[in-house]
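Undergrad: Take this structure first; my questions come after.
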Amino acid sequence: MKLQLYNEQASDGSVGIYADNSEFYPISIQLNPETSHMDIDPTYSNPAVVPPRTEGYQIARLVGRAGKSWKFNYAFASFPGDVSTAHHDDSHIYQLPYATDQIFWISQGYQGVLSHQGENALDFDMPIGTPVHAARGGVVVDLVEHHDRSCSDESCNQFNNFLHILHDDGSFAAYAHLQKDGILVDLGEVVAAGDLIAYSGNTGWTTGPHLHFVVFITIVGRRETFQTQFDLRNGSSGLLREGSEY
């Protein structure tokens, strides 16, 4: 994450701690200050949520006690998204992330034994270069598309091309293993469900070409993923199952 923390002393002698967030999504910061003869202003929330593309956002204020020699230090942890309000709207119906005239097999489902242990994610088995469409509308907030490598073990996870879209409930959708230079949208762009956003690939930790799709929120210290309802294109909606085609 592109995040910088720093402190400045005010004219009244107090010390403000500030954050610059260069990302296109909010960042939550859990501050862990260590102080001597200083009080922490309780009007500032901890975790603090720094809005996207914001500089000089004050997240804390430390006040030295009169007549005392004071000092401070701090550590912090940061998390993508707004941990105070993010949730998942379980009633939302997602669109299948490909063209309406196509059908693909779910090669690995929620909590799959190959690489989805502890994760509610889906793998759509699809050829390299398949058009990928937004399953839900939102804002494009993170992307990587310069990698062209893959292998079948976790060491190749660093070579994953991906796209993240932030939804209006604070959840994110991740579209992963995308084709090199295969992302068609820009950071900060607003997309609607069904919009063409990328081309599928075979980058990163993968045993073959597929689209990895997962919806998540960040809670302090961990990520929570969700099983999502999809429009099944037959007048009904439901969960997608491993080994089935849709």
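Starting from 1 in every chain, residues are counted up; chains themselves are A, B, ... following the order of the structure tokens, and ligands are numbered from 1 as listed.
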Near Gln229 in chain A, within 12 Å and counting only C-alpha atoms, which residues show up once chain neighbours fewer than 4 positions away are dropped, as a list in words?
TA: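 In the requested form, the answer reads His88, Asp89, Asp90, Ser91, His92, Ile93, Tyr94, Gln95, Leu96, Ala135, Arg136, Val215, Ser236, Ser237, Gly238, Leu239, Leu240 and Arg241 of chain A.
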Undergrad: I'd like a table as a tab-separated table: residues in range 65-103 of chain A with an atom no more than 9 Å from range 9-26 of chain A, each row giving the shortest atom pair and its distance in Å to one decimal, only C-alpha atoms counted, sorted by chain and rising residue number.
TA:
```
residue	atom	partner	partner_atom	distance
A:Phe79	CA	A:Pro26	CA	8.8
A:Pro80	CA	A:Pro26	CA	6.4
A:Gly81	CA	A:Pro26	CA	4.9
A:Asp82	CA	A:Pro26	CA	6.0
```
Undergrad: Which residues in range 28-128 of chain A does DSSP call strand (DSSP E)? List them as an MDAnalysis selection string.
TA: chainID A and resid 28:36 38:40 48:50 54:64 71:80 93:94 105:108 121:125
Undergrad: Env of Leu163 in chain A: 7 Å cut, atoms = only C-alpha atoms, seq-sep filter 2 positions within chain, self excluded. Answer as a list in words.
TA: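 That gives Asp142, Leu143, Val144, Ile165, Ala174, Tyr175 and Ala176 of chain A.
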Undergrad: What's around range 178-193 of chain A at 8 Å? Count only C-alpha atoms, leave out sequence neighbours fewer than 2 positions away in its own chain, and write the answer as a ChimeraX atom specification.
TA: /A:24,94-95,128-129,133-143,145-148,160-163,175-176,195-203,211
Undergrad: Mind checking which residues fall within 10 Å of range 76-78 of chain A, counting only C-alpha atoms, ignoring those fewer than 3 positions away in the same chain, and posting them as a list of chain:residue names?
TA: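 Here the answer would be A:Met1, A:Leu3, A:Leu5, A:Ile27, A:Ser28, A:Ile29, A:Gln30, A:Leu31, A:Asn32, A:Pro33, A:Pro47, A:Ala48, A:Val49, A:Gly81, A:Val220, A:Gly221.
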Undergrad: Show me, as a list in words, the residues that have an atom within 6 Å of Glu242 in chain A when counting only C-alpha atoms, minus same-chain residues fewer than 3 positions from it.
TA: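 Selected residues are Ile106, Ser107, Gln108 and Gly109 of chain A.
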Undergrad: What is the CA of Val83 in chain A-CA of Val132 in chain A distance in Å, reported with one decimal?
TA: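 It comes out at 28.6 Å.
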Undergrad: Do a neighbour search on range 206-209 of chain A at 9 Å with only C-alpha atoms, toss out local chain neighbours closer than 4 positions, and write the hits as a ChimeraX atom specification.
TA: /A:124-128,150-154,156-157,177,200-202
Undergrad: Measure the distance from CA of Phe159 in chain A to CA of Gln227 in chain A in Å and round it to one decimal.
TA: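 CA of Gln227 in chain A lies 25.8 Å from CA of Phe159 in chain A.
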Undergrad: In Å, with one decimal, what is the gap from CA of Asp41 in chain A to CA of Gly56 in chain A?
TA: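 CA of Gly56 in chain A lies at a distance of 17.7 Å from CA of Asp41 in chain A.
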